[in-house]
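Peer 1: Just one file: model_6.cif, with mmCIF, C-alpha atoms and all ligand atoms.
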```
data_coords
#
loop_
_atom_site.label_atom_id
_atom_site.label_comp_id
_atom_site.auth_asym_id
_atom_site.auth_seq_id
_atom_site.Cartn_x
_atom_site.Cartn_y
_atom_site.Cartn_z
CA MET A 78 107.15 124.10 75.48
CA ALA A 79 110.11 126.30 76.22
CA ASN A 80 110.40 124.76 79.65
CA ILE A 81 111.37 121.33 78.53
CA TYR A 82 114.41 120.65 76.51
CA VAL A 83 114.47 117.28 74.85
CA GLY A 84 116.29 115.54 72.10
CA ARG A 85 113.20 113.88 70.74
CA GLN A 86 109.98 115.31 69.49
CA VAL A 87 107.66 116.72 72.08
CA PHE A 88 103.94 116.88 71.49
CA THR A 89 101.16 118.62 73.35
CA CYS A 90 99.00 116.32 75.44
CA GLU A 91 95.31 117.06 75.76
CA LEU A 92 94.25 116.28 79.30
CA ASN A 93 90.72 115.47 80.28
CA SER A 94 89.36 117.96 82.76
CA ALA A 95 85.88 116.41 82.68
CA PRO A 96 86.29 114.06 85.67
CA ILE A 97 87.60 116.85 87.83
CA ILE A 98 85.68 119.63 89.48
CA GLU A 99 87.69 122.78 88.91
CA GLU A 100 86.97 124.03 92.40
CA ASP A 101 88.55 120.85 93.70
CA VAL A 102 91.84 121.33 91.88
CA SER A 103 92.21 124.88 93.16
CA LYS A 104 91.78 123.60 96.72
CA ALA A 105 94.93 121.53 96.17
CA GLY A 106 96.75 124.59 94.83
CA LEU A 107 96.45 123.66 91.15
CA ARG A 108 95.41 125.81 88.19
CA PRO A 109 92.32 124.75 86.21
CA VAL A 110 93.21 121.60 84.25
CA LYS A 111 92.40 123.29 80.93
CA ASP A 112 95.30 125.68 81.60
CA TRP A 113 97.88 122.98 82.30
CA ARG A 114 100.67 122.68 79.74
CA ALA A 115 101.13 118.95 79.35
CA PHE A 116 103.43 117.20 76.92
CA GLY A 117 104.16 113.72 75.70
CA LEU A 118 107.32 112.42 74.09
CA HIS A 119 107.30 110.45 70.87
CA GLY A 120 108.74 107.03 71.60
CA TYR A 121 107.61 107.07 75.24
CA PRO A 122 103.90 106.19 75.29
CA GLY A 123 102.31 106.92 78.67
CA PHE A 124 104.90 109.47 79.71
CA ILE A 125 103.34 112.87 80.53
CA PHE A 126 105.23 115.97 81.54
CA ILE A 127 103.15 118.76 83.12
CA CYS A 128 104.92 122.12 83.32
CA ASN A 129 104.30 123.56 86.77
CA PRO A 130 100.49 123.49 87.06
CA PHE A 131 100.54 124.97 90.58
CA LEU A 132 98.80 128.27 91.32
CA PRO A 133 101.12 131.15 92.24
CA GLY A 134 102.21 130.74 95.85
CA SER A 135 100.83 127.25 96.38
CA GLN A 136 104.09 125.34 95.98
CA GLN A 137 105.13 126.82 99.32
CA TYR A 138 102.59 124.67 101.12
CA TRP A 139 103.81 121.45 99.48
CA VAL A 140 107.43 122.36 100.19
CA LYS A 141 106.61 122.97 103.85
CA GLN A 142 104.86 119.60 104.06
CA CYS A 143 107.96 117.91 102.59
CA LEU A 144 110.39 119.62 104.95
CA LYS A 145 108.45 120.09 108.16
CA ILE A 146 105.63 117.55 108.25
CA TYR A 147 106.48 114.42 106.22
CA PRO A 148 109.82 113.71 107.97
CA ARG A 149 107.87 113.36 111.26
CA LYS A 150 107.18 110.02 112.88
CA PRO A 151 105.62 107.59 112.12
CA ASN A 152 107.10 108.19 108.67
CA VAL A 153 110.50 106.63 108.06
CA CYS A 154 113.67 108.42 106.95
CA ASN A 155 117.34 107.64 106.27
CA LEU A 156 118.36 109.10 109.64
CA ASP A 157 116.46 106.30 111.41
CA MET A 158 119.15 103.90 110.19
CA HIS A 159 121.81 105.50 112.40
CA MET A 160 119.91 107.26 115.13
CA SER A 161 117.38 106.49 117.84
CA SER A 162 113.76 107.50 117.36
CA VAL A 163 114.21 110.16 120.04
CA GLU A 164 117.05 111.70 118.06
CA THR A 165 115.15 111.65 114.78
CA GLU A 166 111.99 113.07 116.30
CA ASN A 167 111.33 116.70 115.43
CA ILE A 168 113.91 117.00 112.68
CA TRP A 169 112.46 120.36 111.70
CA GLU A 170 112.37 121.80 115.21
CA LYS A 171 115.90 120.64 116.04
CA SER A 172 117.22 122.04 112.76
CA ILE A 173 115.56 125.43 112.89
CA ASP A 174 116.93 126.00 116.36
CA VAL A 175 120.43 125.69 114.96
CA ILE A 176 119.65 127.62 111.77
CA ARG A 177 118.17 130.54 113.70
CA ARG A 178 120.74 130.58 116.49
CA LYS A 179 123.97 130.58 114.60
CA GLY A 180 123.15 130.26 110.95
CA CYS A 181 124.56 127.45 108.89
CA GLY A 182 127.81 128.77 107.63
CA LYS A 183 130.55 126.62 106.20
CA GLY A 184 132.28 124.61 108.90
CA GLU A 185 129.16 124.38 111.07
CA PRO A 186 127.96 120.82 111.72
CA LYS A 187 125.12 119.93 109.38
CA THR A 188 121.58 120.11 110.71
CA LEU A 189 119.34 117.04 110.55
CA LEU A 190 117.40 118.75 107.76
CA GLU A 191 120.58 118.94 105.70
CA LYS A 192 121.30 115.27 106.43
CA LEU A 193 117.88 114.13 105.27
CA ARG A 194 118.10 112.00 102.10
CA TRP A 195 114.79 110.19 101.91
CA VAL A 196 111.46 109.79 103.67
CA THR A 197 108.92 107.05 102.98
CA LEU A 198 105.15 107.35 103.44
CA GLY A 199 102.28 104.86 103.53
CA TYR A 200 103.62 101.40 102.70
CA HIS A 201 107.24 102.05 103.63
CA TYR A 202 109.57 100.92 100.91
CA ASP A 203 112.17 98.45 102.11
CA TRP A 204 115.38 99.38 100.28
CA ASN A 205 117.02 96.04 101.03
CA SER A 206 114.34 93.64 99.90
CA LYS A 207 112.92 96.14 97.37
CA THR A 208 109.41 95.34 98.52
CA TYR A 209 106.48 96.90 100.30
CA SER A 210 104.84 94.97 103.07
CA PRO A 211 101.48 95.06 104.80
CA ASP A 212 103.33 94.96 108.13
CA HIS A 213 105.05 98.25 107.55
CA TYR A 214 102.33 100.72 106.81
CA THR A 215 101.35 104.05 108.35
CA PRO A 216 98.54 106.29 107.11
CA PHE A 217 99.33 108.06 103.84
CA PRO A 218 98.99 111.87 104.16
CA LYS A 219 95.44 112.83 103.16
CA GLU A 220 96.36 116.04 101.36
CA LEU A 221 99.03 114.35 99.22
CA HIS A 222 96.57 111.58 98.43
CA SER A 223 94.10 114.17 97.31
CA LEU A 224 96.61 116.07 95.14
CA SER A 225 97.71 112.80 93.53
CA HIS A 226 94.15 111.66 92.93
CA LYS A 227 93.40 114.86 91.01
CA VAL A 228 96.58 114.81 88.92
CA ALA A 229 96.10 111.15 88.04
CA ALA A 230 92.44 111.73 87.10
CA ALA A 231 93.42 114.59 84.78
CA CYS A 232 95.89 112.23 83.11
CA GLY A 233 93.24 109.58 82.50
CA PHE A 234 93.57 107.53 85.68
CA PRO A 235 90.50 108.11 87.83
CA GLY A 236 90.42 106.35 91.19
CA PHE A 237 94.18 106.52 91.74
CA ASN A 238 94.90 105.40 95.26
CA ALA A 239 98.12 106.85 96.66
CA GLU A 240 99.47 104.15 98.96
CA ALA A 241 103.22 104.74 99.08
CA GLY A 242 105.43 107.77 98.74
CA ILE A 243 109.17 108.21 98.46
CA LEU A 244 110.60 111.66 99.03
CA ASN A 245 114.13 112.26 97.81
CA TYR A 246 116.07 115.22 99.16
CA TYR A 247 118.83 116.38 96.85
CA ARG A 248 121.62 118.74 97.83
CA SER A 249 123.40 120.53 94.99
CA ASP A 250 125.89 117.66 94.53
CA SER A 251 123.41 114.77 94.80
CA SER A 252 122.42 112.40 92.05
CA LEU A 253 120.16 109.38 91.73
CA GLY A 254 121.33 106.20 90.05
CA ILE A 255 119.61 104.50 87.15
CA HIS A 256 116.70 102.32 88.23
CA VAL A 257 113.21 101.08 87.42
CA ASP A 258 110.32 101.43 89.87
CA GLU A 259 108.87 97.96 89.67
CA SER A 260 108.21 97.00 93.29
CA GLU A 261 104.58 98.10 93.18
CA LEU A 262 102.33 95.13 92.50
CA ASP A 263 100.05 96.88 90.02
CA HIS A 264 101.95 98.42 87.12
CA THR A 265 98.80 99.52 85.34
CA ARG A 266 98.56 102.44 87.77
CA PRO A 267 100.73 105.48 87.03
CA LEU A 268 103.67 106.71 89.06
CA LEU A 269 103.51 110.44 89.82
CA SER A 270 106.55 112.58 90.45
CA PHE A 271 106.48 116.12 91.89
CA SER A 272 109.56 118.35 92.01
CA PHE A 273 110.26 121.43 94.09
CA GLY A 274 113.26 123.69 94.45
CA GLN A 275 116.36 123.55 92.30
CA THR A 276 116.22 122.19 88.77
CA ALA A 277 117.30 118.63 88.04
CA VAL A 278 118.40 116.90 84.88
CA PHE A 279 116.16 113.88 84.44
CA LEU A 280 117.17 111.02 82.14
CA LEU A 281 114.41 108.87 80.76
CA GLY A 282 115.81 105.64 79.36
CA GLY A 283 114.36 102.51 77.87
CA THR A 284 113.46 99.02 78.98
CA LYS A 285 117.14 98.10 79.04
CA ARG A 286 119.74 99.74 81.23
CA GLU A 287 121.97 100.48 78.23
CA ASP A 288 119.25 102.15 76.13
CA ARG A 289 120.14 105.69 75.20
CA PRO A 290 118.14 108.09 77.39
CA THR A 291 116.39 111.36 76.65
CA ALA A 292 117.38 114.25 78.92
CA MET A 293 115.08 116.93 80.24
CA PHE A 294 115.05 119.56 82.94
CA MET A 295 112.64 119.21 85.84
CA ASN A 296 111.92 122.59 87.31
CA SER A 297 110.16 123.51 90.51
CA GLY A 298 106.47 122.65 90.29
CA ASP A 299 106.83 120.29 87.33
CA ILE A 300 104.99 116.98 87.50
CA MET A 301 105.85 113.80 85.64
CA VAL A 302 103.53 110.91 85.13
CA MET A 303 104.94 107.54 84.14
CA SER A 304 102.19 105.27 82.94
CA GLY A 305 101.49 102.56 80.38
CA PRO A 306 104.66 101.30 78.67
CA SER A 307 106.65 104.16 80.25
CA ARG A 308 105.82 103.00 83.75
CA LEU A 309 108.69 100.52 83.77
CA LEU A 310 111.41 102.46 81.98
CA TYR A 311 114.87 103.02 83.39
CA HIS A 312 115.49 106.55 84.61
CA ALA A 313 117.98 108.54 86.65
CA VAL A 314 118.83 112.02 87.94
CA PRO A 315 122.50 112.62 87.07
CA CYS A 316 122.73 116.10 88.53
CA ILE A 317 121.11 119.14 90.04
CA VAL A 318 121.58 122.35 88.09
CA SER A 319 122.88 125.07 90.38
CA ALA A 320 120.97 128.31 90.31
CA PRO A 321 122.87 131.29 88.92
CA ALA A 322 124.33 133.51 91.64
CA GLY A 323 121.87 136.09 92.87
CA ASN A 324 118.95 134.07 91.56
CA MET A 325 118.90 131.29 94.07
CA LEU A 326 115.21 130.44 94.21
CA PRO A 327 113.08 129.90 91.12
CA PRO A 328 110.71 132.90 90.89
CA CYS A 329 107.61 130.65 91.14
CA LEU A 330 108.64 129.77 94.71
CA GLY A 331 108.88 133.37 95.82
CA GLN A 332 105.24 134.08 94.96
CA ARG A 333 102.62 134.41 97.67
CA LEU A 334 99.07 133.08 97.35
CA GLU A 335 96.82 135.40 95.37
CA THR A 336 93.66 134.53 97.26
CA GLU A 337 92.95 133.86 100.92
CA VAL A 338 92.83 130.18 101.76
CA GLN A 339 89.40 128.86 102.73
CA ASP A 340 88.80 126.54 105.65
CA ASP A 341 88.00 123.63 103.36
CA ASP A 342 91.06 124.15 101.15
CA ILE A 343 93.65 121.41 101.15
CA ILE A 344 96.51 123.84 101.03
CA GLN A 345 97.05 126.26 103.88
CA SER A 346 99.18 129.37 103.97
CA VAL A 347 102.75 129.02 105.20
CA SER A 348 103.97 131.34 107.92
CA GLU A 349 106.80 133.69 107.05
CA GLU A 350 108.94 132.03 109.73
CA ASP A 351 108.48 128.59 108.20
CA TRP A 352 109.01 129.88 104.69
CA ASP A 353 112.30 131.54 105.69
CA VAL A 354 113.65 128.09 106.60
CA CYS A 355 112.17 126.39 103.52
CA SER A 356 113.60 128.99 101.16
CA TRP A 357 117.00 128.86 102.88
CA TYR A 358 117.00 125.08 102.36
CA LEU A 359 115.81 125.19 98.75
CA GLN A 360 118.46 127.68 97.70
CA THR A 361 120.78 124.69 97.47
CA SER A 362 118.36 121.77 97.32
CA ARG A 363 115.67 119.95 95.46
CA VAL A 364 112.86 117.81 96.82
CA ASN A 365 111.22 115.14 94.70
CA VAL A 366 108.09 113.30 95.76
CA THR A 367 107.05 110.13 93.98
CA VAL A 368 103.60 108.77 94.70
CA ARG A 369 102.70 105.18 93.98
CA GLN A 370 99.68 102.94 94.09
CA VAL A 371 101.03 99.62 95.29
CA LEU A 372 98.03 97.31 94.97
CA ALA A 373 95.27 97.05 92.40
CA SER A 374 91.86 97.84 93.81
CA GLY A 375 90.78 94.84 95.87
CA GLN A 376 94.21 93.22 95.63
CA THR A 377 96.04 92.09 98.75
CA PHE A 378 99.69 91.31 99.33
CA PRO A 379 100.75 87.76 98.52
CA ASP A 380 100.77 85.52 101.61
CA SER A 381 104.48 85.64 101.98
CA GLN A 382 106.84 88.23 100.65
CA ALA A 383 109.21 85.33 100.10
CA SER A 384 107.09 84.10 97.22
CA HIS A 385 107.23 87.58 95.75
CA LEU A 386 110.99 87.71 96.13
CA SER A 387 111.51 84.39 94.42
CA THR A 388 110.38 85.96 91.16
CA ASP A 389 113.13 88.55 91.40
CA SER A 390 115.80 88.81 88.75
CA CYS A 391 119.47 88.06 89.35
CA GLU A 392 120.15 91.77 89.05
CA LYS A 393 118.33 92.25 92.31
CA SER A 394 120.24 89.61 94.24
CA GLU A 395 123.40 91.10 92.83
CA GLU A 396 122.33 94.46 94.22
CA GLY A 397 121.57 92.88 97.57
CA LYS A 398 125.30 92.84 98.17
CA ASN A 399 125.20 96.55 98.75
CA LYS A 400 122.40 96.30 101.26
CA LYS A 401 123.77 98.44 104.01
CA ARG A 402 124.86 101.34 101.90
CA LYS A 403 121.60 101.44 100.02
CA SER A 404 119.32 101.35 103.00
CA GLU A 405 121.14 104.38 104.29
CA SER A 406 121.14 106.28 101.07
CA GLY A 407 117.96 105.07 99.40
CA TYR A 408 118.52 104.51 95.71
CA GLU A 409 122.08 104.28 94.59
CA ARG A 410 123.28 107.83 94.82
CA ASP A 411 126.35 109.87 95.40
CA THR A 412 125.39 111.80 98.49
C1 LIG B 501 112.21 107.96 92.32
C2 LIG B 501 112.70 108.82 91.22
C3 LIG B 501 113.22 110.93 90.29
C4 LIG B 501 113.46 112.36 90.65
O1 LIG B 501 112.11 108.45 93.46
O2 LIG B 501 111.89 106.80 92.05
O3 LIG B 501 112.94 108.29 90.17
O4 LIG B 501 113.14 113.19 89.78
N1 LIG B 501 112.86 110.14 91.40
O5 LIG B 501 113.97 112.64 91.72
MN MN B 502 112.16 106.26 90.05
#
```
Could you rewrite the structure in this file as C-alpha cells?
Ligand code: OGA
Ligand code: MN

Peer 2:
Amino acid sequence: MANIYVGRQVFTCELNSAPIIEEDVSKAGLRPVKDWRAFGLHGYPGFIFICNPFLPGSQQYWVKQCLKIYPRKPNVCNLDMHMSSVETENIWEKSIDVIRRKGCGKGEPKTLLEKLRWVTLGYHYDWNSKTYSPDHYTPFPKELHSLSHKVAAACGFPGFNAEAGILNYYRSDSSLGIHVDESELDHTRPLLSFSFGQTAVFLLGGTKREDRPTAMFMNSGDIMVMSGPSRLLYHAVPCIVSAPAGNMLPPCLGQRLETEVQDDDIIQSVSEEDWDVCSWYLQTSRVNVTVRQVLASGQTFPDSQASHLSTDSCEKSEEGKNKKRKSESGYERDT
C-alpha cells in the first residue's frame, strides 16, 4: 500500500487467478497473480490499481518494445503529421546513431526519439474526429495483446480483445490534459494502462470535468484498470515527478531477468546496447501505454462514422476548433 498515496480510502482488491495459468503470466513477464498487490478506491467502483506486478528485469522488454518496435511503420505517430514516411521510418535507428555519435547534450538538436509524443496501434485513433475507423487499422502487436488479455482476465474480464493502443511519451515537463476515453464503442470492456520510467501524478476525477479528483503516483511497472463506472471518468496527468539527482532510474528498471528466457516466452531479453539507449531515454521520460477494446465481440463499426459523430456532444465540436494542434500533440498537453 505504501506505493500509492491517495486522499481517499484504499482497499485491497482480491484478484481471481483461477482463469489464468501461472506459467502463462510468467511468459509475459508477470509475477504469479496471487502475488500481485491490487487496490481499489472507495468511491471509484471498477478502478483497480496494480502495484508493479512485473517480474524483476521484465519491464526492460516492454520498454524496448515501446521505444524501438512500436514507433515503426505501419504504426502511426505524431511525427507523421510533419514529416514524410521516409523520414519517420526507423526512428530508433536514426536516433541511436546520433546518441552514440555525439551524445545528446544540451544545445544538440533533438533526436526523433525525443520528439516522439504518441504512437497509435491497431485501430488508429483519429485525434480530430475522436473516432476509430475500420479503414485505419493495422495488426495489433501480438505480445501486447497477450499481456493485456492476462491482466484483464485477472481483473475479472476474460476474453479481453486488445484492438487499439495509444502510447504517450512524456518528457520531464510534459502533462496530459483532462479527458474521458469514450471513443471506444463498447464501454463494458476495461481500459488498461501500463506505465514505465519516471513517476507521474495521475488525477482521477468524476463524471463531470469540475469534480474534485483524487491524486496518486504511477510508478514504473504500475498498471491501472478502468472498468465499470470508472471506465468513463475524467482523468489527467498534471506532471511528471523528476527523479532525485543520482537516482535517475527507478531501481526496478535496473534489474536483469532472473531466469533465462525460453523460446516460447513472450518476453525476450534486451541487449545491453538497446538497454543503454532505453535507460538514457527513461532517465528523463515516462512512457504510458493504454490498451483498449474498441468493439464488443461480434460488433462491427456503424455503417458511417458520420452517424456516430452526430451523437457527439457540443463539447466535442467545441474542441474541434483546435484540430491541428491536437492531432500533432495527441491529447491536449503542454509539450
Ligand atoms: C490516455 C491516458 C494516462 C497516463 O492515454 O488516455 O489517460 O497515465 N493516459 O499517461
Ligand atoms: Mn485516458

Peer 1: Would you mind listing, for every residue of chain A within 8 Å of ligand MN 502 (chain B), the two atoms forming the shortest contact and the distance between them in Å to one decimal, using only C-alpha atoms and all ligand atoms, sorted by chain and ascending residue number, as a Markdown table?

Peer 2:
```
| residue | atom | partner | partner_atom | distance |
| --- | --- | --- | --- | --- |
| A:His256 | CA | B:MN502 | MN | 6.3 |
| A:Val257 | CA | B:MN502 | MN | 5.9 |
| A:Asp258 | CA | B:MN502 | MN | 5.2 |
| A:Tyr311 | CA | B:MN502 | MN | 7.9 |
| A:His312 | CA | B:MN502 | MN | 6.4 |
| A:Ala313 | CA | B:MN502 | MN | 7.1 |
| A:Thr367 | CA | B:MN502 | MN | 7.5 |
```

Peer 1: Neighbours of ligand LIG 501 (chain B) within 10 Å, counting all atoms listed in the file, as an mmCIF file with C-alpha atoms, keeping the file's coordinate frame?

Peer 2:
```cif
data_model
loop_
_atom_site.group_PDB
_atom_site.id
_atom_site.type_symbol
_atom_site.label_atom_id
_atom_site.label_comp_id
_atom_site.auth_asym_id
_atom_site.auth_seq_id
_atom_site.Cartn_x
_atom_site.Cartn_y
_atom_site.Cartn_z
ATOM 1 C CA TRP A 195 114.790 110.190 101.910
ATOM 2 C CA GLY A 242 105.430 107.770 98.740
ATOM 3 C CA ILE A 243 109.170 108.210 98.460
ATOM 4 C CA LEU A 244 110.600 111.660 99.030
ATOM 5 C CA ASN A 245 114.130 112.260 97.810
ATOM 6 C CA TYR A 246 116.070 115.220 99.160
ATOM 7 C CA TYR A 247 118.830 116.380 96.850
ATOM 8 C CA SER A 252 122.420 112.400 92.050
ATOM 9 C CA LEU A 253 120.160 109.380 91.730
ATOM 10 C CA GLY A 254 121.330 106.200 90.050
ATOM 11 C CA ILE A 255 119.610 104.500 87.150
ATOM 12 C CA HIS A 256 116.700 102.320 88.230
ATOM 13 C CA VAL A 257 113.210 101.080 87.420
ATOM 14 C CA ASP A 258 110.320 101.430 89.870
ATOM 15 C CA GLU A 259 108.870 97.960 89.670
ATOM 16 C CA LEU A 268 103.670 106.710 89.060
ATOM 17 C CA LEU A 269 103.510 110.440 89.820
ATOM 18 C CA SER A 270 106.550 112.580 90.450
ATOM 19 C CA PHE A 271 106.480 116.120 91.890
ATOM 20 C CA SER A 272 109.560 118.350 92.010
ATOM 21 C CA PHE A 273 110.260 121.430 94.090
ATOM 22 C CA THR A 276 116.220 122.190 88.770
ATOM 23 C CA ALA A 277 117.300 118.630 88.040
ATOM 24 C CA VAL A 278 118.400 116.900 84.880
ATOM 25 C CA PHE A 279 116.160 113.880 84.440
ATOM 26 C CA LEU A 280 117.170 111.020 82.140
ATOM 27 C CA LEU A 281 114.410 108.870 80.760
ATOM 28 C CA PHE A 294 115.050 119.560 82.940
ATOM 29 C CA MET A 295 112.640 119.210 85.840
ATOM 30 C CA ASN A 296 111.920 122.590 87.310
ATOM 31 C CA ASP A 299 106.830 120.290 87.330
ATOM 32 C CA ILE A 300 104.990 116.980 87.500
ATOM 33 C CA MET A 301 105.850 113.800 85.640
ATOM 34 C CA TYR A 311 114.870 103.020 83.390
ATOM 35 C CA HIS A 312 115.490 106.550 84.610
ATOM 36 C CA ALA A 313 117.980 108.540 86.650
ATOM 37 C CA VAL A 314 118.830 112.020 87.940
ATOM 38 C CA PRO A 315 122.500 112.620 87.070
ATOM 39 C CA CYS A 316 122.730 116.100 88.530
ATOM 40 C CA ILE A 317 121.110 119.140 90.040
ATOM 41 C CA ARG A 363 115.670 119.950 95.460
ATOM 42 C CA VAL A 364 112.860 117.810 96.820
ATOM 43 C CA ASN A 365 111.220 115.140 94.700
ATOM 44 C CA VAL A 366 108.090 113.300 95.760
ATOM 45 C CA THR A 367 107.050 110.130 93.980
ATOM 46 C CA VAL A 368 103.600 108.770 94.700
ATOM 47 C CA ARG A 369 102.700 105.180 93.980
ATOM 48 C CA GLY A 407 117.960 105.070 99.400
ATOM 49 C CA TYR A 408 118.520 104.510 95.710
#
```

Peer 1: Excluding same-chain residues fewer than 3 positions from range 148-161 of chain A, what lies within 12 Å of it counting only C-alpha atoms, as a ChimeraX atom specification?

Peer 2: /A:140-145,164-171,188-204,213-218,241-246,401-408,412

Peer 1: If I take CA of Leu221 in chain A and CA of Thr284 in chain A, how far is one from the other in Å, to one decimal?

Peer 2: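 Computing it gives 29.2 Å between the two atoms.
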
Peer 1: Please compute the CA of Pro235 in chain A-CA of Asp340 in chain A distance, one decimal, in Å.

Peer 2: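 Computed distance, CA of Pro235 in chain A to CA of Asp340 in chain A, equals 25.7 Å.
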
Peer 1: Considering only C-alpha atoms, return as a PDB file with C-alpha atoms, keeping the file's coordinate frame whatever protein or nucleic-acid residues lie within 9 Å of Ile97 in chain A, sequence-local ones (same chain, fewer than 2 positions apart) excluded.

Peer 2:
```pdb
ATOM      1  CA  ASN A  93      90.720 115.470  80.280  1.00  0.00           C
ATOM      2  CA  SER A  94      89.360 117.960  82.760  1.00  0.00           C
ATOM      3  CA  ALA A  95      85.880 116.410  82.680  1.00  0.00           C
ATOM      4  CA  GLU A  99      87.690 122.780  88.910  1.00  0.00           C
ATOM      5  CA  GLU A 100      86.970 124.030  92.400  1.00  0.00           C
ATOM      6  CA  ASP A 101      88.550 120.850  93.700  1.00  0.00           C
ATOM      7  CA  VAL A 102      91.840 121.330  91.880  1.00  0.00           C
ATOM      8  CA  VAL A 110      93.210 121.600  84.250  1.00  0.00           C
ATOM      9  CA  LYS A 227      93.400 114.860  91.010  1.00  0.00           C
ATOM     10  CA  ALA A 230      92.440 111.730  87.100  1.00  0.00           C
ATOM     11  CA  ALA A 231      93.420 114.590  84.780  1.00  0.00           C
TER      12      ALA A 231
END
```

Peer 1: Show me, as a list of chain:residue names, the residues that have an atom within 10 Å of range 373-375 of chain A when counting all atoms listed in the file, minus same-chain residues fewer than 6 positions from it.

Peer 2: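 Residues meeting the cut-off are A:Gly236, A:Phe237, A:Asn238, A:Glu261, A:Leu262, A:Asp263, A:His264, A:Thr265, A:Arg266.
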
Peer 1: What's around Ser260 in chain A at 8 Å? Count all atoms listed in the file, leave out sequence neighbours fewer than 3 positions away in its own chain, and write the answer as a list in words.

Peer 2: Lys207, Thr208, Tyr209 and Val371 of chain A

Peer 1: Which residues, written as a list in words, have at least one atom at most 9 Å from Ala115 in chain A, with all atoms listed in the file counted and residues fewer than 5 positions away on the same chain left out?

Peer 2: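 My list of contacting residues is Met78, Phe88, Thr89, Cys90, Glu91, Leu92, Ile125, Phe126, Ile127, Cys128 and Pro130 of chain A.
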
Peer 1: State, in Å with one decimal place, the distance from CA of Ser251 in chain A to CA of Ser172 in chain A.

Peer 2: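 Interatomic distance here is 20.3 Å.
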
Peer 1: With N, CA and C atoms as the target, complete range 98-110 of chain A and hand it back as an mmCIF file, in the frame of the given file.

Peer 2:
```
data_model
loop_
_atom_site.group_PDB
_atom_site.id
_atom_site.type_symbol
_atom_site.label_atom_id
_atom_site.label_comp_id
_atom_site.auth_asym_id
_atom_site.auth_seq_id
_atom_site.Cartn_x
_atom_site.Cartn_y
_atom_site.Cartn_z
ATOM 1 N N ILE A 98 86.386 118.371 89.207
ATOM 2 C CA ILE A 98 85.680 119.630 89.480
ATOM 3 C C ILE A 98 86.744 120.699 89.676
ATOM 4 N N GLU A 99 86.630 121.764 88.900
ATOM 5 C CA GLU A 99 87.690 122.780 88.910
ATOM 6 C C GLU A 99 87.924 123.355 90.312
ATOM 7 N N GLU A 100 86.846 123.487 91.053
ATOM 8 C CA GLU A 100 86.970 124.030 92.400
ATOM 9 C C GLU A 100 87.885 123.134 93.256
ATOM 10 N N ASP A 101 87.753 121.839 92.982
ATOM 11 C CA ASP A 101 88.550 120.850 93.700
ATOM 12 C C ASP A 101 90.050 120.998 93.449
ATOM 13 N N VAL A 102 90.401 121.232 92.168
ATOM 14 C CA VAL A 102 91.840 121.330 91.880
ATOM 15 C C VAL A 102 92.416 122.581 92.518
ATOM 16 N N SER A 103 91.655 123.651 92.563
ATOM 17 C CA SER A 103 92.210 124.880 93.160
ATOM 18 C C SER A 103 92.399 124.705 94.667
ATOM 19 N N LYS A 104 91.598 123.871 95.278
ATOM 20 C CA LYS A 104 91.780 123.600 96.720
ATOM 21 C C LYS A 104 93.120 122.933 97.003
ATOM 22 N N ALA A 105 93.622 122.185 96.002
ATOM 23 C CA ALA A 105 94.930 121.530 96.170
ATOM 24 C C ALA A 105 96.057 122.428 95.678
ATOM 25 N N GLY A 106 95.701 123.651 95.266
ATOM 26 C CA GLY A 106 96.750 124.590 94.830
ATOM 27 C C GLY A 106 97.092 124.464 93.358
ATOM 28 N N LEU A 107 96.186 123.845 92.574
ATOM 29 C CA LEU A 107 96.450 123.660 91.150
ATOM 30 C C LEU A 107 95.618 124.608 90.298
ATOM 31 N N ARG A 108 96.160 125.002 89.163
ATOM 32 C CA ARG A 108 95.410 125.810 88.190
ATOM 33 C C ARG A 108 94.321 124.932 87.581
ATOM 34 N N PRO A 109 93.335 125.568 86.916
ATOM 35 C CA PRO A 109 92.320 124.750 86.210
ATOM 36 C C PRO A 109 93.014 123.827 85.202
ATOM 37 N N VAL A 110 92.538 122.601 85.098
ATOM 38 C CA VAL A 110 93.210 121.600 84.250
ATOM 39 C C VAL A 110 93.332 122.079 82.804
#
```
